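> Pasting a structure here, questions to come.
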Amino acid sequence: MSANDRPMGAQNPTYDSVFLKACRREPVPYTPVWFMRQAGRSLPEYLKVREGVAMLESCMRPDLVTEITLQPVRRHKVDAAIYFSDIVVPLKAIGIDLDIKPGVGPVIARPIRTRADLAQLRGLEPADVWYVTEAIGMLTAELGGTPLIGFAGAPFTLASYLVEGGPSRNHEHTKAMMYGDPELWAELLDRLAEITSAFLTIQIEAGASAVQLFDSWVGALSPADYRRSVMPASAKVFDAVAPYGVPRIHFGVGTGELLGLMGEAGADVVGVDWRVPLDEAARRVGPGKALQGNLDPAVLFATREAVEAKTDEVLAAAAGLEGHVFNLGHGVMPTMDPDALTRLVEHVHARTSR
């Protein structure tokens, strides 16, 4: 492929990185590795810089965002950085009264339950999240050839927080609206798709090399409900950023029955949690998609020999994939030994070097 034939985004200095090549299902010298929630929580250097700083405040300070995003790249030598933020940041930016309560998660002061409540949701403008643009500019200058992954919460998961008023085990209010007032539900998800699309676009235009859409709670749905009531909004987000030519990753938890539909929604890379082996996930997703995953995070608490054995199982299941990005099947846990993550990166790189 000549320089003139390359798609949009090819001018990015990270275009030929191992991570982006794997996302595009191109040959790679080794399997790239990054971890969800690698930026923060388990790192002592993160706890030090976050001391006395609330979560949402830390997401709005470009200096802190830059430092926290870079920490796992320096320590673990991962193949991609993930922008440090939270999925509710764009909601806070447009004026939603919310806070992230330690040990609880996002809490919404005025849950959205009626059509009148939709007035809380206005469009997201670049000026609302100026700190994102500034932080990504600082990060890309520091990262050089290491790609930066931008991210956002998917419309369903954002809607769940907004309707429930916070984290929920059963999503009863969310499903009551989805089933009982499908028109209101569709309008809510469409507005959130617009906000999410804008948030990802801002990150890409600032310099993000790939984006990941987190649909943390969508595993609570059946395939039929996902296709009818959620997939159109997710597809709208992926369609909105498609012209930029950056890889689009879609990840959810407990989504084994939804993997094919999540790929159908428009992702280039489908994230897989630890419940489904990657070879079976590839069968469900079908051809034309790379996969990301999927070591059980809890394995990292076992012995080094056990971690390596389980990692080799994941790599064996991924051996025939068109493209594979190694990751955990969910995020890094707060009490995880950072050295175990560093050793895991080294092991994957060594085991897969061609």
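Within each chain, counting starts at residue 1; across the structure tokens, chains are named A, B, ... in the order shown, with ligands numbered 1 upward in that order.
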A:Pro102: which residues within 10 Å, counting only C-alpha atoms, same-chain residues fewer than 3 positions away excluded, as a short mmCIF file (atom, residue, chain, number, x, y, z; two decimals) with all heavy atoms, in the first residue's frame?

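Dumped everything to around-v3.cif:
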```
data_model
loop_
_atom_site.label_atom_id
_atom_site.label_comp_id
_atom_site.auth_asym_id
_atom_site.auth_seq_id
_atom_site.Cartn_x
_atom_site.Cartn_y
_atom_site.Cartn_z
N ALA A 54 -10.47 14.27 44.26
CA ALA A 54 -11.66 13.49 43.91
C ALA A 54 -11.55 12.96 42.49
O ALA A 54 -10.87 13.54 41.63
CB ALA A 54 -12.91 14.36 44.06
N MET A 55 -12.25 11.86 42.22
CA MET A 55 -12.15 11.20 40.92
C MET A 55 -12.49 12.14 39.77
O MET A 55 -11.75 12.27 38.80
CB MET A 55 -13.05 9.97 40.89
CG MET A 55 -13.05 9.22 39.57
SD MET A 55 -11.42 8.60 39.11
CE MET A 55 -11.75 7.96 37.48
N ASP A 99 -22.12 12.64 40.94
CA ASP A 99 -20.84 12.54 41.63
C ASP A 99 -20.43 11.07 41.63
O ASP A 99 -21.27 10.17 41.50
CB ASP A 99 -20.94 13.07 43.06
CG ASP A 99 -19.57 13.30 43.69
OD1 ASP A 99 -18.56 13.32 42.94
OD2 ASP A 99 -19.50 13.47 44.91
N GLY A 105 -19.70 4.31 43.18
CA GLY A 105 -19.68 4.60 41.76
C GLY A 105 -20.48 5.84 41.46
O GLY A 105 -20.83 6.61 42.37
N PRO A 106 -20.82 6.07 40.19
CA PRO A 106 -21.58 7.27 39.84
C PRO A 106 -22.98 7.29 40.47
O PRO A 106 -23.69 6.28 40.44
CB PRO A 106 -21.69 7.18 38.30
CG PRO A 106 -20.58 6.27 37.90
CD PRO A 106 -20.43 5.28 39.01
#
```
> Could you name the residues that touch A:Leu43 at 10 Å or less, counting only C-alpha atoms, but leaving out those on the same chain fewer than 6 positions away, as a list of chain:residue names?
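The residues satisfying every condition are A:Ile68, A:Gln71, A:Pro72, A:Arg75, A:Pro334, A:Thr335, A:Met336, A:Asp337, A:Pro338, A:Asp339.
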> Could you check which of A:Ala39, A:Leu184, A:Met138, A:Thr114 is closest to A:Pro62, using only C-alpha atoms?
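Once distances to A:Pro62 are computed over only C-alpha atoms, the minimum belongs to A:Met138.
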> Please run DSSP on the backbone and report, as a list in words, all residues within stretch 274-306 of chain A that come out as strand (DSSP E or B).
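Assigned to strand (DSSP E or B), within stretch 274-306 of chain A: Ala290, Leu291, Gln292, Gly293, Asn294 and Leu295 of chain A.
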> Let's have the selection written as a PDB file, in the first residue's frame, with N, CA and C atoms.

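Written output follows (out-v6.pdb):
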```pdb
ATOM      1  N   ALA A 290     -11.240  -8.361  14.472  1.00  0.00           N
ATOM      2  CA  ALA A 290     -10.223  -8.782  15.428  1.00  0.00           C
ATOM      3  C   ALA A 290     -10.896  -8.983  16.788  1.00  0.00           C
ATOM      4  N   LEU A 291     -10.240  -9.735  17.660  1.00  0.00           N
ATOM      5  CA  LEU A 291     -10.760  -9.948  19.009  1.00  0.00           C
ATOM      6  C   LEU A 291      -9.763  -9.408  20.036  1.00  0.00           C
ATOM      7  N   GLN A 292     -10.300  -9.002  21.171  1.00  0.00           N
ATOM      8  CA  GLN A 292      -9.483  -8.504  22.273  1.00  0.00           C
ATOM      9  C   GLN A 292      -9.818  -9.288  23.534  1.00  0.00           C
ATOM     10  N   GLY A 293      -8.807  -9.736  24.250  1.00  0.00           N
ATOM     11  CA  GLY A 293      -9.034 -10.436  25.510  1.00  0.00           C
ATOM     12  C   GLY A 293      -8.033 -11.565  25.697  1.00  0.00           C
ATOM     13  N   ASN A 294      -8.331 -12.486  26.631  1.00  0.00           N
ATOM     14  CA  ASN A 294      -9.441 -12.423  27.567  1.00  0.00           C
ATOM     15  C   ASN A 294      -9.116 -13.206  28.845  1.00  0.00           C
ATOM     16  N   LEU A 295      -7.952 -12.937  29.436  1.00  0.00           N
ATOM     17  CA  LEU A 295      -7.545 -13.620  30.658  1.00  0.00           C
ATOM     18  C   LEU A 295      -8.402 -13.159  31.828  1.00  0.00           C
TER      19      LEU A 295
END
```
> Pick out the residues sitting within 10 Å of A:Arg227, and hand them over as a PyMOL selection string; count only C-alpha atoms, and ignore anything fewer than 2 positions along from it in its own chain.
chain A and resi 221-225+229-232+258+261-262+264-265
> Could the residues in this selection be written to a file with N, CA and C atoms, as a CSV table (one decimal), in the first residue's frame?

```
chain,number,residue,atom,x,y,z
A,221,LEU,N,-28.9,-8.0,29.0
A,221,LEU,CA,-30.0,-8.1,28.0
A,221,LEU,C,-29.9,-9.4,27.2
A,222,SER,N,-31.1,-9.8,26.7
A,222,SER,CA,-31.1,-10.9,25.8
A,222,SER,C,-30.7,-10.4,24.4
A,223,PRO,N,-30.3,-11.3,23.5
A,223,PRO,CA,-30.0,-10.9,22.1
A,223,PRO,C,-31.1,-10.1,21.4
A,224,ALA,N,-32.3,-10.6,21.6
A,224,ALA,CA,-33.5,-9.9,20.9
A,224,ALA,C,-33.6,-8.5,21.4
A,225,ASP,N,-33.5,-8.3,22.8
A,225,ASP,CA,-33.6,-7.0,23.3
A,225,ASP,C,-32.5,-6.1,22.9
A,229,SER,N,-33.5,-2.8,20.9
A,229,SER,CA,-33.5,-1.6,21.8
A,229,SER,C,-32.2,-0.9,22.1
A,230,VAL,N,-31.1,-1.6,21.7
A,230,VAL,CA,-29.8,-1.0,22.0
A,230,VAL,C,-28.9,-0.9,20.8
A,231,MET,N,-28.9,-1.9,20.0
A,231,MET,CA,-27.9,-1.9,18.8
A,231,MET,C,-28.0,-0.7,17.9
A,232,PRO,N,-29.2,-0.1,17.6
A,232,PRO,CA,-29.2,1.1,16.8
A,232,PRO,C,-28.4,2.3,17.4
A,258,LEU,N,-24.1,-12.1,23.1
A,258,LEU,CA,-24.2,-10.9,22.3
A,258,LEU,C,-23.1,-10.6,21.3
A,261,LEU,N,-23.7,-9.8,17.7
A,261,LEU,CA,-24.4,-8.6,17.5
A,261,LEU,C,-23.5,-7.4,17.8
A,262,MET,N,-22.6,-7.5,18.8
A,262,MET,CA,-21.7,-6.4,19.1
A,262,MET,C,-20.8,-6.1,17.9
A,264,GLU,N,-21.6,-6.8,14.8
A,264,GLU,CA,-22.5,-6.3,13.8
A,264,GLU,C,-22.8,-4.8,13.9
A,265,ALA,N,-22.8,-4.3,15.2
A,265,ALA,CA,-23.1,-2.9,15.4
A,265,ALA,C,-22.0,-2.0,14.8
```
> Counting only C-alpha atoms, what is within 9 Å of stretch 266-282 of chain A, bar same-chain residues fewer than 6 positions away, as a PyMOL selection string?
chain A and resi 23-24+212-213+234-239+242+247-256+259-260+288-297+314-321+323-325+327-330
> So, with only C-alpha atoms as the atoms that count, which of A:Glu346, A:Asp63, A:Glu305, A:Asp117 lies closest to A:Val33?
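Looking only at the distances to A:Val33, the closest residue turns out to be A:Glu346.
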> One number please: atom CA of A:Ala206 to atom CA of A:Val89, in Å, one decimal.
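These two atoms are separated by 16.7 Å.
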> Could you pull out the residues in stretch 52-269 of chain A that DSSP calls helix (DSSP H, G or I) from the backbone, as a PyMOL selection string?
chain A and resi 55-59+62-76+89-93+115-120+126-143+155-164+172-180+182-206+218-220+223-229+231-244+256-264
> As a ChimeraX atom specification, please: the residues near A:Asp86 (cut-off 8 Å, only C-alpha atoms, same-chain neighbours under 5 positions excluded).
/A:56,59,152
> Let me make sure I understand: among A:Met60, A:Ala198, A:Tyr179, A:Leu188, which one has the smallest atom-to-atom distance to A:Ala119 if we use only C-alpha atoms?
A:Leu188
> Could you state the separation of atom CA of A:Val132 and atom CA of A:Ile82 in Å, given to one decimal place?
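Here the two named atoms are 12.8 Å from each other.
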> Choose the residue, out of A:Thr69, A:Thr140, A:Thr201, A:Asn170, that has the smallest atom-to-atom separation from A:Arg37; count only C-alpha atoms.
A:Thr69
> Just the residues within 12 Å of A:Ala350, please, counting only C-alpha atoms, with nothing from its chain fewer than 2 positions along; format it as a ChimeraX atom specification.
/A:29-33,308,311-312,315,343-348,352-354
> Between A:Ile195, A:Ile87, A:Val129, A:Ala116, which has the minimum distance to A:Thr157 (counting only C-alpha atoms)?
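Once distances to A:Thr157 are computed over only C-alpha atoms, the minimum belongs to A:Ile87.
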> Separation of atom CA of A:Pro155 and atom CA of A:Val218, in Å?
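Pair atom CA of A:Pro155 / atom CA of A:Val218 returns 9.7 Å.
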